[in-house]
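What follows is the content of target.cif, which has mmCIF, C-alpha atoms:
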```
data_query
loop_
_atom_site.label_atom_id
_atom_site.label_comp_id
_atom_site.auth_asym_id
_atom_site.auth_seq_id
_atom_site.Cartn_x
_atom_site.Cartn_y
_atom_site.Cartn_z
CA GLY A 1 15.47 -27.61 57.81
CA GLY A 2 18.43 -29.17 55.97
CA GLY A 3 22.10 -28.36 55.65
CA ALA A 4 23.58 -25.73 53.33
CA GLN A 5 26.75 -26.88 51.56
CA GLY A 6 29.82 -24.75 52.24
CA GLY A 7 32.08 -23.77 49.37
CA MET A 8 35.25 -24.81 51.30
CA GLY A 9 34.43 -28.54 51.33
CA GLY A 10 32.62 -28.80 54.69
CA ASN A 11 29.05 -28.63 55.92
CA ALA A 12 27.55 -25.55 57.53
CA SER A 13 24.40 -26.16 59.52
CA ALA A 14 22.34 -23.01 59.16
CA GLY A 15 18.81 -24.20 59.78
CA TYR A 16 17.76 -23.64 56.13
CA GLY A 17 16.91 -26.47 53.77
CA ALA A 18 17.01 -26.59 50.01
CA GLY A 19 13.25 -26.97 50.23
CA GLY A 20 13.07 -23.29 51.15
CA GLY A 21 12.72 -20.93 54.05
CA ALA A 22 14.01 -20.76 57.56
CA GLY A 23 13.66 -23.96 59.56
CA GLY A 24 12.71 -23.95 63.16
CA GLY A 25 16.33 -24.14 64.30
CA GLN A 26 18.92 -21.55 65.15
CA ALA A 27 21.27 -20.06 62.56
CA SER A 28 24.98 -20.68 63.10
CA LEU A 29 27.64 -19.01 61.02
CA PRO A 30 31.06 -20.56 60.34
CA SER A 31 34.16 -18.49 60.89
CA SER A 32 36.88 -20.98 59.84
CA SER A 33 37.36 -24.51 58.51
CA SER A 34 39.91 -27.23 59.21
CA GLY A 35 40.14 -30.93 58.52
CA GLY A 36 37.31 -30.79 56.01
CA HIS A 37 34.74 -29.62 58.58
CA VAL A 38 33.61 -26.13 59.46
CA THR A 39 34.10 -24.99 63.03
CA HIS A 40 31.91 -22.36 64.54
CA GLY A 41 33.43 -19.27 66.06
CA PRO A 42 32.17 -15.90 67.26
CA LEU A 43 29.51 -14.30 65.12
CA SER A 44 30.81 -11.36 63.12
CA THR A 45 30.13 -9.40 59.99
CA GLN A 46 33.06 -11.08 58.23
CA GLY A 47 31.78 -14.48 59.25
CA PHE A 48 28.40 -13.63 57.71
CA VAL A 49 30.12 -12.53 54.50
CA ASP A 50 32.33 -15.66 54.40
CA TYR A 51 29.25 -17.83 54.83
CA PHE A 52 27.59 -16.18 51.82
CA ARG A 53 30.73 -16.57 49.70
CA ARG A 54 31.10 -20.27 50.45
CA MET A 55 27.45 -21.12 49.94
CA ASP A 56 26.37 -22.72 46.64
CA PRO A 57 24.84 -19.84 44.61
CA THR A 58 22.36 -22.22 42.97
CA GLN A 59 20.81 -23.34 46.28
CA LYS A 60 17.01 -23.23 45.89
CA GLY A 61 14.57 -21.62 48.23
CA PHE A 62 17.07 -19.32 49.96
CA VAL A 63 15.41 -16.03 50.86
CA TYR A 64 17.59 -13.27 52.24
CA GLN A 65 14.92 -11.74 54.45
CA GLN A 66 14.33 -15.07 56.21
CA VAL A 67 18.06 -15.46 56.87
CA LYS A 68 18.18 -11.97 58.35
CA GLU A 69 15.21 -12.68 60.64
CA ALA A 70 16.79 -15.94 61.87
CA LEU A 71 20.11 -14.17 62.53
CA SER A 72 18.38 -11.40 64.45
CA GLN A 73 16.86 -13.99 66.80
CA GLU A 74 20.22 -15.61 67.56
CA GLU A 75 22.46 -12.53 67.63
CA PRO A 76 20.65 -9.18 67.27
CA ALA A 77 23.93 -7.24 67.43
CA LEU A 78 25.11 -8.87 64.23
CA THR A 79 22.17 -7.73 62.13
CA ASP A 80 22.20 -4.24 63.66
CA GLU A 81 25.69 -3.40 62.41
CA PRO A 82 26.21 -2.35 58.78
CA LEU A 83 26.95 -5.24 56.47
CA LEU A 84 30.09 -4.59 54.45
CA MET A 85 29.95 -6.73 51.34
CA PRO A 86 33.17 -7.68 49.51
CA SER A 87 34.09 -5.67 46.46
CA PRO A 88 33.27 -7.15 43.04
CA SER A 89 36.98 -7.76 42.38
CA SER A 90 37.44 -9.96 45.45
CA SER A 91 35.57 -12.94 44.04
CA PRO A 92 34.12 -13.98 40.67
CA SER A 93 30.76 -14.61 42.34
CA SER A 94 30.75 -11.57 44.59
CA SER A 95 28.55 -9.55 42.22
CA SER A 96 25.61 -11.73 43.19
CA LEU A 97 26.04 -10.62 46.80
CA SER A 98 25.71 -6.88 46.27
CA SER A 99 21.92 -7.14 46.36
CA PRO A 100 20.97 -10.36 48.15
CA SER A 101 17.23 -9.82 48.02
CA THR A 102 17.45 -9.44 44.25
CA ALA A 103 19.98 -12.18 43.61
CA PHE A 104 18.22 -14.92 45.56
CA GLU A 105 14.58 -14.00 44.97
CA SER A 106 14.73 -13.26 41.24
CA SER A 107 14.21 -16.91 40.32
CA SER A 108 10.59 -16.68 41.40
CA THR A 109 9.77 -13.19 40.06
CA ASP A 110 11.35 -13.70 36.60
CA GLN A 111 8.85 -16.43 35.80
CA SER A 112 5.82 -14.18 36.13
CA ALA A 113 4.68 -12.65 32.83
CA ALA A 114 3.73 -8.98 32.52
CA PRO A 115 -0.01 -8.44 33.00
CA VAL A 116 -2.05 -8.13 29.82
CA PRO A 117 -3.64 -4.69 29.35
CA PRO A 118 -7.28 -4.58 30.49
CA VAL A 119 -8.60 -3.91 26.98
CA LEU A 120 -7.03 -7.15 25.75
CA ARG A 121 -8.36 -9.16 28.65
CA ALA A 122 -11.84 -7.84 27.94
CA GLN A 123 -11.88 -8.13 24.15
CA GLY A 124 -9.03 -10.37 23.08
CA VAL A 125 -7.04 -9.50 19.95
CA LEU A 126 -4.75 -11.41 17.60
CA GLN A 127 -2.28 -9.84 15.16
CA VAL A 128 -2.18 -11.94 11.98
CA HIS A 129 0.87 -11.76 9.68
CA GLN A 130 1.72 -8.44 11.34
CA SER A 131 -0.91 -6.78 9.15
CA TYR A 132 -4.39 -7.62 10.39
CA LEU A 133 -6.04 -7.66 13.80
CA VAL A 134 -8.71 -10.19 14.69
CA THR A 135 -11.00 -9.40 17.60
CA GLN A 136 -14.65 -9.72 18.56
CA ASP A 137 -17.66 -7.72 19.65
CA GLU A 138 -21.16 -8.66 20.70
CA ALA A 139 -22.24 -9.29 17.09
CA GLY A 140 -19.38 -11.46 15.84
CA ILE A 141 -15.79 -11.28 14.60
CA LEU A 142 -13.93 -8.16 13.37
CA ILE A 143 -10.93 -8.32 11.01
CA ILE A 144 -9.09 -4.98 11.00
CA ASP A 145 -6.45 -3.64 8.59
CA GLN A 146 -3.97 -2.13 11.06
CA HIS A 147 -2.53 0.38 8.57
CA ALA A 148 -5.92 1.55 7.29
CA LEU A 149 -7.32 2.03 10.80
CA HIS A 150 -4.24 3.82 12.11
CA GLU A 151 -4.21 6.02 8.98
CA ARG A 152 -7.79 7.14 9.72
CA ILE A 153 -6.85 7.86 13.34
CA MET A 154 -3.80 9.92 12.25
CA PHE A 155 -5.90 11.81 9.66
CA GLU A 156 -8.55 12.79 12.21
CA GLU A 157 -5.88 13.86 14.70
CA LEU A 158 -4.18 16.09 12.10
CA ARG A 159 -7.50 17.55 10.99
CA LYS A 160 -8.48 18.31 14.58
CA ARG A 161 -5.19 20.12 15.24
CA LEU A 162 -5.51 22.22 12.08
CA LEU A 163 -9.09 23.24 12.88
CA SER A 164 -8.26 24.22 16.46
CA ARG A 165 -4.92 25.98 15.89
CA GLY A 166 -4.90 27.01 12.24
CA SER A 167 -1.53 25.35 11.65
CA LEU A 168 0.44 22.37 12.92
CA GLU A 169 3.14 22.67 15.56
CA SER A 170 6.64 23.09 14.17
CA GLN A 171 10.08 22.02 15.35
CA ARG A 172 13.29 23.76 14.31
CA MET A 173 16.10 21.70 12.79
CA LEU A 174 19.59 22.00 14.26
CA MET A 175 20.89 21.99 10.69
CA PRO A 176 18.70 22.44 7.60
CA ALA A 177 17.97 19.27 5.64
CA MET A 178 19.01 19.90 2.03
CA ILE A 179 17.21 18.83 -1.16
CA ASN A 180 18.44 19.28 -4.73
CA LEU A 181 15.56 20.04 -7.11
CA PRO A 182 14.98 20.66 -10.82
CA PRO A 183 13.97 24.23 -11.83
CA ARG A 184 10.26 23.36 -12.17
CA GLN A 185 10.06 22.12 -8.58
CA MET A 186 12.14 25.03 -7.31
CA ALA A 187 9.33 27.28 -8.56
CA LEU A 188 6.76 25.06 -6.81
CA VAL A 189 8.43 25.69 -3.45
CA ASP A 190 7.43 29.35 -3.66
CA GLN A 191 3.85 28.46 -4.59
CA LEU A 192 3.62 26.00 -1.70
CA GLN A 193 4.69 28.48 1.00
CA PRO A 194 1.15 29.17 2.42
CA LEU A 195 0.45 25.43 2.54
CA LEU A 196 3.84 24.60 4.07
CA LYS A 197 3.28 27.21 6.79
CA ARG A 198 0.00 25.55 7.80
CA LEU A 199 1.74 22.17 7.89
CA GLY A 200 4.45 23.45 10.24
CA ILE A 201 7.17 23.23 7.57
CA GLU A 202 9.70 25.97 6.81
CA ALA A 203 11.56 25.43 3.53
CA GLN A 204 13.57 28.08 1.68
CA ALA A 205 15.77 28.17 -1.41
CA MET A 206 19.48 28.01 -0.56
CA GLY A 207 20.90 28.22 -4.05
CA PRO A 208 19.76 27.92 -7.67
CA ASP A 209 18.86 24.22 -7.32
CA ALA A 210 18.77 23.55 -3.58
CA VAL A 211 16.17 23.94 -0.84
CA GLY A 212 16.83 23.78 2.89
CA ILE A 213 14.21 22.51 5.34
CA HIS A 214 14.66 24.62 8.47
CA ALA A 215 11.62 23.41 10.45
CA PHE A 216 9.36 20.39 10.24
CA SER A 217 6.01 19.28 11.63
CA THR A 218 6.32 18.02 15.19
CA PHE A 219 3.58 15.49 14.48
CA LEU A 220 5.65 13.93 11.69
CA PHE A 221 8.87 14.12 13.73
CA ASP A 222 7.18 12.14 16.50
CA ARG A 223 6.21 9.48 13.96
CA HIS A 224 9.80 9.30 12.61
CA VAL A 225 8.89 10.63 9.16
CA ASP A 226 11.97 11.79 7.25
CA PRO A 227 11.71 15.50 6.25
CA VAL A 228 13.57 15.09 2.95
CA THR A 229 11.50 12.09 1.82
CA PHE A 230 8.28 13.88 2.74
CA MET A 231 9.17 17.07 0.86
CA GLU A 232 10.27 15.15 -2.24
CA ASP A 233 6.98 13.24 -2.27
CA LEU A 234 4.96 16.42 -1.70
CA LEU A 235 6.70 18.22 -4.56
CA ASP A 236 6.35 15.21 -6.88
CA ARG A 237 2.60 15.07 -6.27
CA ALA A 238 2.20 18.81 -6.75
CA ASP A 239 4.25 18.57 -9.95
CA ASP A 240 2.01 15.74 -11.21
CA GLY A 241 -1.10 17.87 -10.62
CA GLU A 242 -2.58 15.69 -7.85
CA PHE A 243 -3.64 18.90 -6.10
CA ASP A 244 -3.91 22.51 -7.21
CA VAL A 245 -1.41 24.81 -5.53
CA ALA A 246 -1.73 27.71 -7.94
CA GLY A 247 -1.80 31.03 -6.14
CA GLY A 248 -1.01 29.41 -2.79
CA ASN A 249 -4.28 27.48 -2.73
CA THR A 250 -4.91 25.90 0.69
CA ASP A 251 -8.60 25.11 0.40
CA GLU A 252 -10.31 22.10 1.96
CA ALA A 253 -9.66 19.78 -1.00
CA VAL A 254 -5.93 20.52 -1.05
CA LEU A 255 -5.62 20.12 2.70
CA HIS A 256 -7.49 16.82 2.55
CA GLU A 257 -5.03 15.45 0.00
CA VAL A 258 -1.98 16.61 1.94
CA LEU A 259 -3.30 15.42 5.30
CA ASP A 260 -4.10 12.10 3.68
CA MET A 261 -0.48 11.88 2.55
CA MET A 262 0.82 12.84 5.99
CA SER A 263 -1.37 10.34 7.83
CA CYS A 264 -0.35 7.55 5.45
CA LYS A 265 3.33 8.19 6.17
CA ALA A 266 2.75 8.52 9.92
CA ALA A 267 0.61 5.39 10.34
CA VAL A 268 1.85 1.95 11.32
CA LYS A 269 2.59 -0.13 8.23
CA ALA A 270 1.57 -3.61 7.16
CA GLY A 271 4.32 -5.89 8.41
CA ASP A 272 4.99 -3.87 11.58
CA ALA A 273 4.91 -5.97 14.74
CA MET A 274 2.87 -4.33 17.49
CA SER A 275 3.17 -4.82 21.24
CA PRO A 276 0.12 -5.76 23.35
CA GLU A 277 -0.01 -2.18 24.64
CA GLU A 278 0.00 -0.76 21.09
CA LEU A 279 -2.74 -3.17 20.01
CA ALA A 280 -4.85 -2.18 23.00
CA ALA A 281 -4.35 1.55 22.30
CA LEU A 282 -5.26 1.14 18.61
CA LEU A 283 -8.50 -0.69 19.42
CA ALA A 284 -9.39 1.82 22.14
CA ARG A 285 -8.96 4.79 19.76
CA ARG A 286 -11.05 3.05 17.12
CA GLU A 287 -14.10 3.59 19.32
CA ASP A 288 -13.48 7.35 19.56
CA VAL A 289 -12.72 8.22 15.93
CA GLU A 290 -15.37 9.37 13.49
CA ARG A 291 -15.65 7.44 10.21
CA ALA A 292 -13.42 4.69 11.60
CA SER A 293 -14.90 2.21 9.13
CA ASN A 294 -12.90 3.68 6.22
CA CYS A 295 -9.40 5.09 5.74
CA PRO A 296 -8.99 8.55 4.12
CA HIS A 297 -8.55 6.86 0.72
CA GLY A 298 -11.96 5.24 1.10
CA ARG A 299 -10.73 1.69 1.73
CA PRO A 300 -12.48 -0.25 4.49
CA THR A 301 -10.63 -0.54 7.79
CA THR A 302 -12.78 -3.40 9.10
CA ILE A 303 -14.50 -6.53 7.80
CA ARG A 304 -17.20 -8.01 10.01
CA LEU A 305 -18.26 -11.64 10.20
CA SER A 306 -21.51 -11.85 12.14
CA LEU A 307 -22.41 -14.86 14.21
CA ARG A 308 -25.06 -15.57 11.58
CA ASP A 309 -22.37 -15.58 8.86
CA LEU A 310 -20.25 -17.99 10.87
CA GLU A 311 -23.18 -20.31 11.45
CA LYS A 312 -23.88 -20.40 7.70
CA GLN A 313 -20.24 -21.13 6.88
CA PHE A 314 -20.12 -24.00 9.35
CA LYS A 315 -23.58 -25.21 8.27
CA ARG A 316 -25.01 -24.85 11.76
CA THR A 317 -28.31 -23.41 10.52
#
```
Rewrite the structure from the file as C-alpha cells, please.
Amino acid sequence: GGGAQGGMGGNASAGYGAGGGAGGGQASLPSSSSGGHVTHGPLSTQGFVDYFRRMDPTQKGFVYQQVKEALSQEEPALTDEPLLMPSPSSSPSSSSLSSPSTAFESSSTDQSAAPVPPVLRAQGVLQVHQSYLVTQDEAGILIIDQHALHERIMFEELRKRLLSRGSLESQRMLMPAMINLPPRQMALVDQLQPLLKRLGIEAQAMGPDAVGIHAFSTFLFDRHVDPVTFMEDLLDRADDGEFDVAGGNTDEAVLHEVLDMMSCKAAVKAGDAMSPEELAALLARREDVERASNCPHGRPTTIRLSLRDLEKQFKRT
C-alpha cells in the first residue's frame, strides 16, 4: 500500500494506497504532529477521528469497511468501543464523516445507472418528440400515438368501473369549487343530475347564478383534472347539443360521449415527457385493452410498418 496524506502537513502511514483497499501492512493512527511529521501515540477513539479529519477527502479507493477490518487486526479494543464522530459544527468537512460508508463509497455507486424495466429490455421503445412511441414486434415496427393509446386505456377503465359498480367513486371537496353560469346552463345543472351522480360528481346551485361542486370523481382527481374546467366543458357541450340530456337521459350513447370526454382529459397529452417506467406500463396495458387499435374518437392509435414494407422502401426486394 501507499501513504495517506495528513491534513496537518505530515505523512501518516496507514497501509492504504490511493490505488484502493487495505494493503498487507498494519494500520497506524497518528495522535499528534510536530516538526512537520506525524508521531504515533496510543490508539484511541479521538486519534481515529483526528486521522479522518486530517485525511484528504478526495483520496481515491478508500473504503471504510476495509479500514475497520485493518484496525480490528491491530487493536481490537479500538473498533469495539463506540465511535464518537465530531459534530457538524466542529469542522467544515465533518459532515462527510457522519456516514463513512456512504461518503467514501458513493463515488462508485453513483456511476451505475438505474436498471431499465424488463419490458423495455425485451421490446425496446423510443419516445419521439414527446408525442409518439416507436417500438417493434415480430412483424415489424409500430409507431404509437401516446395520447390516443392512453385515451383508449382510460376509456376502457372508466367503462369497466361503471359497468361493475353502476357509478364512479367520488371524493368530497374540503371546500366547494364555485362556478358562475348563465341562466340557460343553470337549468342544465338540474337536468344533468342523474348523469352527474353516475360520474361521481355532486354539484348544486348556491345562488341564482352560481354552482358549487361538492364532490368530484376520484378517477379524475387522480389524473389531476380540474373540477371547474371539467364542469364548464361538460355544460358547454350539453348546451351545444352534443348529447341529449333531456329528462335526465343517461343511456349508452350519452355515457359514451361523456366517458370519451373524461378519458381525453385524463390521458397523457402530446408533448408530455414520459419516464421509462411510464413507457413500459403504457405498452404493457396496450396488450390487455380491447380495441386498442383506435381511440374512442375513432382515430388510429398505432401505425404498423411491416418488414416487407421496410424492404420495399429500402429497395431490398
Item to check | Ground truth for the PyMOL selection byres ((chain A and resi 208) around 12), written as JSON, numbers by chain | outcome: {"A": [179, 180, 181, 182, 183, 184, 185, 186, 187, 204, 205, 206, 207, 209, 210, 211, 212]}
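Minimum atom-to-atom distances from A:Ala139, A:Ala266, A:Leu310, A:Ala280 to A:Asp222 were compared using only C-alpha atoms, and the lowest value belongs to A:Ala266.
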Hey, what comes out of the PyMOL selection byres ((chain A and resi 259) around 10) on this file? Could you write it as a PyMOL selection string? chain A and resi 154-159+162+199+253-258+260-265+296
Which distance in Å separates atom CA of A:Ile144 and atom CA of A:Leu126, to one decimal?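 Going from atom CA of A:Ile144 over to atom CA of A:Leu126 covers 10.2 Å.
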Where does the PyMOL selection byres ((chain A and resi 227) around 9) land in this file, that is, which residues does it pick, as an mmCIF file with C-alpha atoms, in the coordinates of the input?
```cif
data_model
loop_
_atom_site.group_PDB
_atom_site.id
_atom_site.type_symbol
_atom_site.label_atom_id
_atom_site.label_comp_id
_atom_site.auth_asym_id
_atom_site.auth_seq_id
_atom_site.Cartn_x
_atom_site.Cartn_y
_atom_site.Cartn_z
ATOM 1 C CA ALA A 177 17.970 19.270 5.640
ATOM 2 C CA ILE A 213 14.210 22.510 5.340
ATOM 3 C CA ALA A 215 11.620 23.410 10.450
ATOM 4 C CA PHE A 216 9.360 20.390 10.240
ATOM 5 C CA SER A 217 6.010 19.280 11.630
ATOM 6 C CA LEU A 220 5.650 13.930 11.690
ATOM 7 C CA PHE A 221 8.870 14.120 13.730
ATOM 8 C CA VAL A 225 8.890 10.630 9.160
ATOM 9 C CA ASP A 226 11.970 11.790 7.250
ATOM 10 C CA VAL A 228 13.570 15.090 2.950
ATOM 11 C CA THR A 229 11.500 12.090 1.820
ATOM 12 C CA PHE A 230 8.280 13.880 2.740
ATOM 13 C CA MET A 231 9.170 17.070 0.860
ATOM 14 C CA GLU A 232 10.270 15.150 -2.240
#
```
